[in-house]
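Okay, data-v3.tsv now, which holds TSV, C-alpha atoms:
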```tsv
chain	number	residue	atom	x	y	z
N	1	MET	CA	101.76	107.85	81.23
N	2	ILE	CA	102.99	107.89	84.84
N	3	LYS	CA	106.06	109.99	85.47
N	4	VAL	CA	108.13	109.84	88.67
N	5	ILE	CA	109.10	113.36	89.71
N	6	ASP	CA	111.36	114.81	92.38
N	7	GLY	CA	108.94	115.39	95.22
N	8	GLY	CA	107.51	114.21	98.49
N	9	VAL	CA	104.29	114.38	100.46
N	10	ASN	CA	103.61	118.04	99.52
N	11	ALA	CA	104.19	117.60	95.77
N	12	ALA	CA	100.53	117.84	94.77
N	13	LYS	CA	98.73	121.19	94.49
N	14	GLY	CA	97.48	122.69	97.72
N	15	TYR	CA	99.56	120.74	100.25
N	16	THR	CA	102.07	122.14	102.73
N	17	VAL	CA	104.15	120.36	105.35
N	18	ALA	CA	106.32	121.12	108.37
N	19	SER	CA	108.33	119.18	110.91
N	20	VAL	CA	110.06	119.91	114.21
N	21	ARG	CA	111.94	118.38	117.11
N	22	ALA	CA	109.45	118.69	119.95
N	23	GLY	CA	111.48	116.59	122.39
N	24	ILE	CA	109.22	113.59	122.95
N	25	LYS	CA	112.21	111.33	123.72
N	26	ALA	CA	114.93	113.03	125.71
N	27	SER	CA	117.50	110.54	124.41
N	28	SER	CA	116.90	111.55	120.76
N	29	THR	CA	118.04	114.62	118.86
N	30	LYS	CA	116.08	114.05	115.62
N	31	LYS	CA	112.87	115.71	114.56
N	32	ASP	CA	109.90	113.86	116.01
N	33	MET	CA	106.73	115.57	114.72
N	34	ALA	CA	105.28	116.37	111.29
N	35	LEU	CA	102.23	118.30	110.12
N	36	ILE	CA	100.53	118.17	106.71
N	37	LYS	CA	97.84	120.61	105.61
N	38	SER	CA	95.58	120.71	102.57
N	39	GLU	CA	94.54	124.17	101.38
N	40	VAL	CA	90.95	122.93	101.10
N	41	PRO	CA	89.01	120.03	102.63
N	42	ALA	CA	89.93	116.78	100.89
N	43	VAL	CA	88.23	113.45	100.38
N	44	ALA	CA	89.82	111.25	103.06
N	45	VAL	CA	90.07	107.45	102.88
N	46	GLY	CA	92.28	105.01	104.71
N	47	THR	CA	93.09	101.47	105.73
N	48	PHE	CA	94.03	100.39	109.22
N	49	THR	CA	95.50	97.56	111.24
N	50	LYS	CA	93.53	94.37	111.77
N	51	ASN	CA	95.27	93.87	115.11
N	52	LEU	CA	92.50	93.77	117.76
N	53	VAL	CA	94.69	96.03	119.90
N	54	LYS	CA	94.18	99.33	118.08
N	55	ALA	CA	96.06	102.48	119.04
N	56	ALA	CA	94.07	105.62	119.87
N	57	PRO	CA	95.04	107.37	116.58
N	58	VAL	CA	93.72	104.39	114.62
N	59	GLN	CA	90.38	104.71	116.42
N	60	TRP	CA	90.32	108.49	115.91
N	61	ASP	CA	91.24	108.33	112.22
N	62	SER	CA	88.84	105.45	111.49
N	63	ASN	CA	85.93	107.59	112.65
N	64	ILE	CA	86.99	110.46	110.39
N	65	VAL	CA	87.64	108.25	107.36
N	66	TYR	CA	84.43	106.22	107.61
N	67	ASN	CA	82.02	108.82	108.98
N	68	VAL	CA	83.26	112.38	108.31
N	69	LYS	CA	84.89	111.33	105.00
N	70	LYS	CA	86.79	114.63	104.73
N	71	ALA	CA	90.08	115.85	106.19
N	72	GLN	CA	92.33	118.87	105.90
N	73	ALA	CA	95.31	118.13	108.15
N	74	VAL	CA	97.40	115.28	109.54
N	75	ILE	CA	99.63	115.59	112.63
N	76	VAL	CA	102.12	112.81	113.40
N	77	ASN	CA	104.50	112.09	116.25
N	78	THR	CA	107.21	109.49	116.83
N	79	GLY	CA	108.61	108.19	120.10
N	80	ILE	CA	105.29	107.17	121.68
N	81	ALA	CA	102.62	105.08	119.94
N	82	ASN	CA	99.61	106.21	122.01
N	83	ALA	CA	98.56	102.55	122.13
N	84	ALA	CA	97.21	100.69	125.19
N	85	THR	CA	96.33	104.13	126.57
N	86	GLY	CA	92.58	103.73	127.04
N	87	ALA	CA	90.13	106.62	127.19
N	88	GLU	CA	92.90	109.08	128.03
N	89	GLY	CA	94.75	108.21	124.83
N	90	LEU	CA	91.65	108.88	122.72
N	91	LYS	CA	91.04	112.12	124.62
N	92	ASN	CA	94.59	113.16	123.78
N	93	CYS	CA	93.86	112.69	120.06
N	94	GLU	CA	90.84	114.96	120.51
N	95	THR	CA	92.93	117.57	122.32
N	96	GLU	CA	95.62	117.38	119.63
N	97	ALA	CA	93.03	117.82	116.85
N	98	ALA	CA	91.46	120.76	118.67
N	99	LYS	CA	94.85	122.47	118.88
N	100	VAL	CA	95.54	122.00	115.17
N	101	SER	CA	92.01	123.23	114.46
N	102	GLU	CA	92.72	126.40	116.43
N	103	LEU	CA	96.12	126.95	114.80
N	104	LEU	CA	95.02	126.34	111.20
N	105	GLY	CA	91.44	127.59	111.33
N	106	ILE	CA	89.89	124.30	110.22
N	107	PRO	CA	87.27	122.02	111.83
N	108	ALA	CA	88.68	119.65	114.48
N	109	GLU	CA	86.86	116.76	112.82
N	110	TYR	CA	89.03	117.39	109.74
N	111	VAL	CA	92.26	116.71	111.67
N	112	LEU	CA	93.79	113.22	111.46
N	113	THR	CA	96.40	112.10	113.99
N	114	GLY	CA	99.21	109.54	113.83
N	115	SER	CA	101.63	108.13	116.37
N	116	THR	CA	104.43	105.58	116.33
N	117	GLY	CA	106.90	104.41	118.94
N	118	VAL	CA	106.74	102.66	122.29
N	119	ILE	CA	103.40	101.10	123.27
N	120	GLY	CA	102.04	102.01	126.70
N	121	PRO	CA	103.00	105.55	127.75
N	122	GLN	CA	100.57	108.44	127.43
N	123	LEU	CA	101.51	111.25	125.06
N	124	PRO	CA	103.26	114.17	126.81
N	125	MET	CA	100.59	116.62	125.75
N	126	ASP	CA	102.47	119.75	126.74
N	127	ILE	CA	105.25	118.72	124.32
N	128	ILE	CA	102.83	117.60	121.61
N	129	LEU	CA	100.83	120.83	121.72
N	130	SER	CA	103.98	122.92	121.80
N	131	GLY	CA	105.23	121.01	118.75
N	132	ALA	CA	101.99	121.80	116.91
N	133	GLU	CA	102.40	125.49	117.73
N	134	LYS	CA	105.95	125.47	116.35
N	135	MET	CA	104.98	123.70	113.12
N	136	ALA	CA	101.92	125.75	112.11
N	137	PRO	CA	103.88	128.83	110.95
N	138	LEU	CA	106.49	126.66	109.24
N	139	LEU	CA	104.10	124.95	106.79
N	140	SER	CA	105.66	125.02	103.33
N	141	SER	CA	105.32	123.61	99.83
N	142	GLU	CA	109.11	123.47	99.43
N	143	ARG	CA	110.68	120.15	98.41
N	144	GLU	CA	113.11	120.14	101.32
N	145	GLU	CA	110.28	120.42	103.84
N	146	ALA	CA	108.75	117.22	102.46
N	147	HIS	CA	112.06	115.43	102.89
N	148	GLU	CA	112.44	116.71	106.45
N	149	ALA	CA	108.94	115.47	107.28
N	150	ALA	CA	109.76	112.02	105.89
N	151	VAL	CA	112.80	111.96	108.17
N	152	ALA	CA	110.78	113.20	111.15
N	153	ILE	CA	108.35	110.25	111.08
N	154	MET	CA	111.16	107.63	111.10
N	155	THR	CA	111.78	105.44	114.15
N	156	THR	CA	114.17	102.53	113.55
N	157	ASP	CA	114.14	103.29	109.81
N	158	THR	CA	117.61	103.96	108.41
N	159	GLN	CA	116.34	106.08	105.52
N	160	PRO	CA	113.28	108.19	104.65
N	161	LYS	CA	110.73	106.78	102.23
N	162	GLU	CA	109.06	109.24	99.86
N	163	ILE	CA	107.96	109.50	96.24
N	164	ALA	CA	105.91	111.66	93.87
N	165	VAL	CA	104.39	110.94	90.47
N	166	GLU	CA	102.51	112.85	87.79
N	167	PHE	CA	99.85	111.56	85.42
N	168	GLU	CA	97.00	112.90	83.32
N	169	ALA	CA	93.29	112.55	84.10
N	170	GLY	CA	90.56	114.34	82.18
N	171	GLY	CA	93.12	116.41	80.33
N	172	LYS	CA	94.58	117.76	83.59
N	173	THR	CA	97.97	117.06	85.14
N	174	CYS	CA	97.46	115.30	88.47
N	175	THR	CA	100.06	114.55	91.14
N	176	ILE	CA	100.42	112.07	93.98
N	177	GLY	CA	103.00	112.73	96.70
N	178	ALA	CA	103.61	110.32	99.54
N	179	MET	CA	105.77	109.35	102.48
N	180	CYS	CA	105.77	106.42	104.86
N	181	LYS	CA	107.73	104.94	107.70
N	182	GLY	CA	108.25	101.29	108.51
N	183	SER	CA	111.15	99.06	109.39
N	184	GLY	CA	110.12	96.72	112.20
N	185	MET	CA	106.84	95.25	113.48
N	186	ILE	CA	105.89	94.88	109.82
N	187	HIS	CA	103.43	92.21	108.74
N	188	PRO	CA	100.52	94.32	107.53
N	189	ASN	CA	96.98	93.14	107.04
N	190	MET	CA	96.08	96.55	105.66
N	191	GLY	CA	99.08	98.72	104.95
N	192	THR	CA	102.28	99.64	106.72
N	193	MET	CA	103.23	101.26	109.98
N	194	LEU	CA	102.38	104.82	108.87
N	195	GLY	CA	101.75	105.96	105.29
N	196	TYR	CA	100.51	109.32	104.05
N	197	ILE	CA	99.45	109.81	100.42
N	198	MET	CA	98.36	113.24	99.18
N	199	THR	CA	96.89	113.91	95.74
N	200	ASP	CA	95.27	116.84	93.97
N	201	THR	CA	93.16	114.45	91.88
N	202	ALA	CA	89.39	114.93	92.10
N	203	VAL	CA	87.98	111.52	92.99
N	204	ASP	CA	84.73	110.28	94.51
N	205	TYR	CA	84.94	108.98	98.10
N	206	ASP	CA	83.62	105.47	97.38
N	207	ILE	CA	85.86	105.08	94.34
N	208	ALA	CA	88.89	106.36	96.30
N	209	LEU	CA	88.28	103.94	99.16
N	210	LYS	CA	87.71	100.95	96.87
N	211	THR	CA	90.82	101.80	94.82
N	212	LEU	CA	93.02	102.29	97.88
N	213	ARG	CA	91.95	98.94	99.32
N	214	GLU	CA	92.65	97.15	96.04
N	215	VAL	CA	96.08	98.77	95.72
N	216	ILE	CA	97.00	98.10	99.36
N	217	ASP	CA	96.21	94.42	98.87
N	218	VAL	CA	98.86	93.98	96.17
N	219	THR	CA	101.49	96.32	97.62
N	220	PHE	CA	101.72	97.04	101.35
N	221	ASN	CA	99.85	93.85	102.21
N	222	MET	CA	102.57	91.89	100.41
N	223	VAL	CA	105.34	93.11	102.73
N	224	SER	CA	106.69	91.39	105.81
N	225	VAL	CA	109.77	92.08	107.90
N	226	ASP	CA	109.15	90.09	111.05
N	227	GLY	CA	105.61	88.71	111.08
N	228	ASP	CA	104.32	91.23	113.67
N	229	THR	CA	101.26	93.33	112.81
N	230	SER	CA	101.45	96.70	114.56
N	231	THR	CA	98.77	98.31	116.73
N	232	ASN	CA	99.18	101.56	114.76
N	233	ASP	CA	99.22	100.49	111.08
N	234	THR	CA	97.64	103.29	109.05
N	235	VAL	CA	97.60	104.37	105.41
N	236	LEU	CA	95.73	107.59	104.64
N	237	LEU	CA	94.90	109.01	101.20
N	238	LEU	CA	93.71	112.60	100.87
N	239	ALA	CA	92.39	113.90	97.54
N	240	ASN	CA	91.70	117.65	97.45
N	241	GLY	CA	90.65	117.97	93.80
N	242	LEU	CA	92.81	121.02	93.08
N	243	ALA	CA	94.04	119.50	89.80
N	244	GLU	CA	90.51	120.38	88.61
N	245	ASN	CA	90.00	117.21	86.60
N	246	GLU	CA	86.46	115.95	86.23
N	247	VAL	CA	85.69	113.96	89.37
N	248	ILE	CA	86.59	110.30	88.91
N	249	ALA	CA	83.36	108.64	89.96
N	250	ASP	CA	83.18	105.42	87.95
N	251	GLU	CA	85.12	102.92	85.88
N	252	GLY	CA	87.03	104.19	82.88
N	253	LYS	CA	90.40	105.32	81.58
N	254	ASP	CA	90.90	108.01	84.23
N	255	LEU	CA	90.29	105.55	87.05
N	256	GLU	CA	92.65	103.03	85.45
N	257	THR	CA	95.37	105.69	85.26
N	258	PHE	CA	94.76	106.89	88.81
N	259	LYS	CA	94.91	103.32	90.10
N	260	ALA	CA	98.12	102.62	88.17
N	261	ALA	CA	99.73	105.77	89.59
N	262	LEU	CA	98.64	104.90	93.12
N	263	THR	CA	99.97	101.36	92.65
N	264	ALA	CA	103.34	102.69	91.49
N	265	VAL	CA	103.58	104.90	94.58
N	266	CYS	CA	102.56	102.19	97.04
N	267	GLU	CA	104.76	99.50	95.45
N	268	PHE	CA	107.80	101.78	95.64
N	269	LEU	CA	107.17	102.50	99.31
N	270	ALA	CA	106.38	98.86	100.13
N	271	LYS	CA	109.62	97.62	98.57
N	272	ASN	CA	111.59	100.24	100.45
N	273	ILE	CA	110.03	99.18	103.75
N	274	ALA	CA	111.14	95.60	103.10
N	275	LYS	CA	114.61	96.69	101.99
N	276	ASP	CA	114.95	98.83	105.13
N	277	GLY	CA	113.75	96.10	107.48
N	278	GLU	CA	115.40	96.26	110.89
N	279	GLY	CA	118.96	94.98	110.59
N	280	ALA	CA	118.40	93.96	106.96
N	281	THR	CA	121.18	93.70	104.39
N	282	ARG	CA	119.10	92.38	101.49
N	283	LEU	CA	115.72	92.86	99.89
N	284	PHE	CA	114.20	89.38	99.50
N	285	THR	CA	111.48	89.10	96.83
N	286	ALA	CA	109.28	86.09	96.14
N	287	HIS	CA	107.60	85.96	92.72
N	288	VAL	CA	105.14	83.11	92.31
N	289	THR	CA	103.82	82.37	88.81
N	290	GLY	CA	101.68	79.70	87.17
N	291	ALA	CA	99.01	79.76	89.88
N	292	PRO	CA	95.35	78.80	89.30
N	293	ASP	CA	94.19	82.03	91.04
N	294	TYR	CA	95.66	85.13	92.66
N	295	GLU	CA	94.96	84.01	96.23
N	296	THR	CA	97.07	80.85	95.78
N	297	ALA	CA	99.98	82.86	94.40
N	298	LYS	CA	99.64	85.44	97.20
N	299	VAL	CA	99.66	82.87	100.00
N	300	LEU	CA	102.69	81.09	98.56
N	301	ALA	CA	104.67	84.29	98.02
N	302	LYS	CA	104.02	85.57	101.54
N	303	SER	CA	104.87	82.21	103.08
N	304	ILE	CA	108.27	82.28	101.37
N	305	ILE	CA	109.27	85.77	102.51
N	306	THR	CA	108.03	85.22	106.09
N	307	SER	CA	109.99	81.99	106.60
N	308	ASN	CA	112.71	82.67	109.17
N	309	LEU	CA	114.81	79.85	107.75
N	310	SER	CA	114.57	81.25	104.21
N	311	LYS	CA	115.38	84.74	105.51
N	312	ALA	CA	118.42	83.41	107.38
N	313	ALA	CA	119.62	81.60	104.25
N	314	ILE	CA	119.38	84.83	102.27
N	315	PHE	CA	121.46	86.58	104.95
N	316	GLY	CA	124.07	83.83	104.74
N	317	THR	CA	124.06	83.75	100.90
N	318	ASP	CA	123.17	80.06	101.20
N	319	ALA	CA	121.39	78.54	98.17
N	320	ASN	CA	119.28	76.37	100.47
N	321	CYS	CA	116.18	76.30	98.29
N	322	GLY	CA	114.78	73.44	100.35
N	323	ARG	CA	113.75	76.07	102.89
N	324	ILE	CA	111.78	77.95	100.24
N	325	PHE	CA	110.16	74.75	98.98
N	326	CYS	CA	109.29	73.80	102.56
N	327	ALA	CA	107.69	77.21	103.21
N	328	MET	CA	105.53	76.77	100.13
N	329	GLY	CA	104.45	73.35	101.36
N	330	TYR	CA	103.18	74.51	104.75
N	331	SER	CA	101.58	77.72	103.43
N	332	GLY	CA	98.12	76.17	103.22
N	333	ALA	CA	97.90	76.82	99.48
N	334	GLU	CA	97.16	73.86	97.19
N	335	PHE	CA	99.74	73.16	94.48
N	336	ASP	CA	101.54	70.19	92.95
N	337	PRO	CA	105.12	70.01	94.28
N	338	MET	CA	106.08	67.74	91.39
N	339	LYS	CA	105.31	70.51	88.88
N	340	THR	CA	107.23	73.23	90.75
N	341	ASP	CA	110.38	75.04	89.60
N	342	ILE	CA	112.45	77.33	91.86
N	343	THR	CA	115.04	79.72	90.45
N	344	MET	CA	117.12	82.24	92.40
N	345	SER	CA	118.02	85.48	90.61
N	346	SER	CA	119.74	88.82	91.12
N	347	LYS	CA	121.56	91.39	89.01
N	348	ASN	CA	124.38	88.81	88.80
N	349	GLY	CA	122.23	86.30	86.93
N	350	SER	CA	119.93	83.40	87.77
N	351	ILE	CA	120.26	79.75	88.70
N	352	LYS	CA	117.57	77.07	88.73
N	353	LEU	CA	117.74	74.95	91.88
N	354	ILE	CA	114.57	72.86	91.67
N	355	GLU	CA	112.83	71.59	88.53
N	356	ASN	CA	109.55	69.66	88.59
N	357	GLY	CA	109.98	69.15	92.32
N	358	MET	CA	113.47	67.69	92.03
N	359	PHE	CA	116.67	69.17	93.45
N	360	LEU	CA	119.17	69.94	90.69
N	361	THR	CA	122.93	69.67	90.74
N	362	PHE	CA	124.34	73.19	90.52
N	363	SER	CA	127.56	75.12	91.00
N	364	GLU	CA	127.84	76.38	94.60
N	365	GLU	CA	130.30	79.01	93.38
N	366	GLU	CA	127.82	80.30	90.80
N	367	ALA	CA	124.98	80.28	93.34
N	368	LEU	CA	127.11	82.21	95.85
N	369	ASN	CA	127.83	84.86	93.22
N	370	ILE	CA	124.13	85.23	92.41
N	371	LEU	CA	123.20	85.59	96.09
N	372	GLN	CA	125.79	88.31	96.82
N	373	PRO	CA	123.86	91.47	95.73
N	374	ASP	CA	121.51	93.34	98.05
N	375	GLU	CA	118.38	92.37	96.09
N	376	ILE	CA	117.54	88.67	95.68
N	377	THR	CA	114.46	87.11	94.06
N	378	ALA	CA	113.02	83.62	94.41
N	379	GLU	CA	111.15	82.80	91.17
N	380	CYS	CA	108.68	79.98	91.84
N	381	ASP	CA	106.61	78.54	88.99
N	382	ILE	CA	103.89	76.06	90.00
N	383	LYS	CA	102.68	75.54	86.40
N	384	SER	CA	98.97	75.39	87.16
N	385	GLY	CA	97.50	78.57	85.70
N	386	ASP	CA	98.09	82.16	84.61
N	387	PHE	CA	98.02	84.04	87.93
N	388	GLU	CA	101.00	85.47	89.77
N	389	ALA	CA	101.88	87.44	92.91
N	390	THR	CA	104.92	89.19	94.33
N	391	ALA	CA	105.82	89.62	98.00
N	392	TRP	CA	108.70	91.58	99.51
N	393	GLY	CA	110.70	90.82	102.64
N	394	CYS	CA	114.26	90.97	103.88
N	395	ASP	CA	116.95	88.79	105.34
N	396	LEU	CA	117.10	87.95	109.05
N	397	THR	CA	120.29	89.22	110.65
N	398	TYR	CA	121.99	89.43	114.03
N	399	ASP	CA	121.18	93.14	114.15
N	400	TYR	CA	117.42	92.51	114.11
N	401	VAL	CA	117.65	90.94	117.55
N	402	LYS	CA	119.96	93.68	118.84
N	403	ILE	CA	117.63	96.46	117.67
N	404	ASN	CA	114.56	94.92	119.27
N	405	ALA	CA	116.31	93.87	122.48
N	406	ASP	CA	117.18	97.55	123.08
N	407	TYR	CA	114.06	99.15	121.56
N	408	ARG	CA	112.75	101.03	124.63
N	409	SER	CA	116.15	102.46	125.48
```
Write out the structure in this file as structure tokens.
Amino acid sequence: MIKVIDGGVNAAKGYTVASVRAGIKASSTKKDMALIKSEVPAVAVGTFTKNLVKAAPVQWDSNIVYNVKKAQAVIVNTGIANAATGAEGLKNCETEAAKVSELLGIPAEYVLTGSTGVIGPQLPMDIILSGAEKMAPLLSSEREEAHEAAVAIMTTDTQPKEIAVEFEAGGKTCTIGAMCKGSGMIHPNMGTMLGYIMTDTAVDYDIALKTLREVIDVTFNMVSVDGDTSTNDTVLLLANGLAENEVIADEGKDLETFKAALTAVCEFLAKNIAKDGEGATRLFTAHVTGAPDYETAKVLAKSIITSNLSKAAIFGTDANCGRIFCAMGYSGAEFDPMKTDITMSSKNGSIKLIENGMFLTFSEEEALNILQPDEITAECDIKSGDFEATAWGCDLTYDYVKINADYRS
């Protein structure tokens, strides 16, 4: 049984967190740095952007995840992405890790780094290192510190995104605590902008990496806000084993439970990224059923939620299902339009708009009522199999353009 508990990124045994306003952007007054520490070295796995332009922290963390395979701390800053910064940017990650190593008494190769913000500028290292010095003595397992850290890593997000769950593995109570940030430049081919998942579960490296990749594919990889894949996309999972369960090293009930718990965490965060998309007023979900295989369902669902015309219709509470049908048609997935049903639903009810490929006569008043709430789902049944997929997006509003026109200022 998976139980959601009140907690954040430091909810699992052996994790502490701190955050501070270092002053990276003079125009901001919010906290802009966070630090997470594990009491002991943890198995470290991750997934990263498939954008060919990879930020320095992505390069630094990839080396740790795929070669060192252990980590004990993560330091994150907002305001500057440390992307398109060349050799100096990578050197700055090394300098940052060395500072955390000195402050916490851990190996520098066990220090992961993360950055988000404007692409191009170099990190102001005097501010970054000063921020690290301020955070080290503030590390805490308190619930409020986790919340403050989730706030500190936000950029254009309007709300923090955090969750914790408990479950049982090998007769021991295990916990996963997580936080992420993401609101714009969201069209992941791996994860989200920045996501940090900490667990006290004992799990083998290869199993942890395989499981994370599988979970990412059906959660974070099914989110899109604007079709732009960031240079900094990173999801990290640390597992320090302090729950003292028998190490999960192969298939079985414990792995199934661990995967289900990780899926619950990532799905919650993914949906909240979509709901908090820049300028968004509605969460827009596409649920495709009746597919001959998962890949077909996945392609169709993502095509629906990435369609600008569909997103605009959701913003305008316009039951223009032709836009959804059109997006399915150009997705590249093979399906029979003449067997397709499309139904729009929300907490106010549901209304079928297309049946067997034919537009139905419906009440505009009823449709308007169904499209009013802040969570709308397009249910699309292609009646060709037993597979299904869900993707999450948001509406396209005037504010999206305003936010991104003024992003650097």
Need to verify the contact set: Ile119 in chain N, 8 Å, only C-alpha atoms, exclusion of same-chain residues closer than 4 positions in sequence. Can you return it as JSON, numbers by chain?
{"N": [80, 81, 82, 83, 84]}
Near-Ile153 in chain N list (7 Å; all atoms listed in the file; drop same-chain fewer than 2 positions) as a PyMOL selection string
chain N and resi 32-34+77-78+149-151+155+181
Find, counting only C-alpha atoms, the residue in N:Ala132, N:Met179, N:Leu237, N:Ala270 that gets nearest to Phe48 in chain N.
N:Leu237
With only C-alpha atoms as the basis for distance, which of N:Ile24, N:Asp217, N:Val58, N:Leu104 is at the shortest distance from Pro124 in chain N?
N:Ile24
Hey, can you check how far CA of Ile351 in chain N sits from CA of Trp392 in chain N?
19.8 Å
CA of Val203 in chain N to CA of Gly46 in chain N: how many Å, to one decimal?
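Distance reported for this atom pair: 14.1 Å.
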For range 61-76 of chain N, please output as a list in words all residues within 7 Å (counting all atoms listed in the file; exclusion window: fewer than 3 positions along the same chain).
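Using all atoms listed in the file, the neighbours found are Met33, Ala34, Leu35, Ile36, Lys37, Ser38, Val40, Pro41, Ala42, Val43, Ala44, Val45, Gly46, Pro57, Val58, Glu109, Tyr110, Val111, Leu112, Thr113, Gly114 and Ser115 of chain N.
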Pick from N:Asp399, N:Asp233, N:Glu145, N:Glu214, whichever lies nearest to Leu262 in chain N using only C-alpha atoms
N:Glu214
Give the answer as one residue: which of N:Leu129, N:Leu238, N:Ile106, N:Ala164 has the shortest atom-to-atom distance to Cys266 in chain N, using only C-alpha atoms?
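Between N:Leu129, N:Leu238, N:Ile106, N:Ala164, the residue approaching Cys266 in chain N most closely is N:Ala164.
With all atoms listed in the file as the atoms that count, the residue of N:Ala249, N:Leu212, N:Met358, N:Leu103 with the shortest distance to Ser130 in chain N is N:Leu103.
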Show which residues sit within 9 Å of Phe268 in chain N, as a PyMOL selection string. Count only C-alpha atoms, and ignore same-chain residues fewer than 6 positions away.
chain N and resi 161-163+219
Pick from N:Gly279, N:Ala152, N:Lys3, N:Gly316 nearest to Thr173 in chain N, counting all atoms listed in the file:
N:Lys3
Would you list the contacts of Met125 in chain N as a PyMOL selection string, taking every protein, DNA or RNA residue within 9 Å and counting only C-alpha atoms, but skipping same-chain residues closer than 3 positions in sequence?
chain N and resi 92+95-96+122+128-130
Could you state the separation of CA of Asp341 in chain N and CA of Leu396 in chain N in Å, given to one decimal place?
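Separation of CA of Asp341 in chain N and CA of Leu396 in chain N: 24.3 Å.
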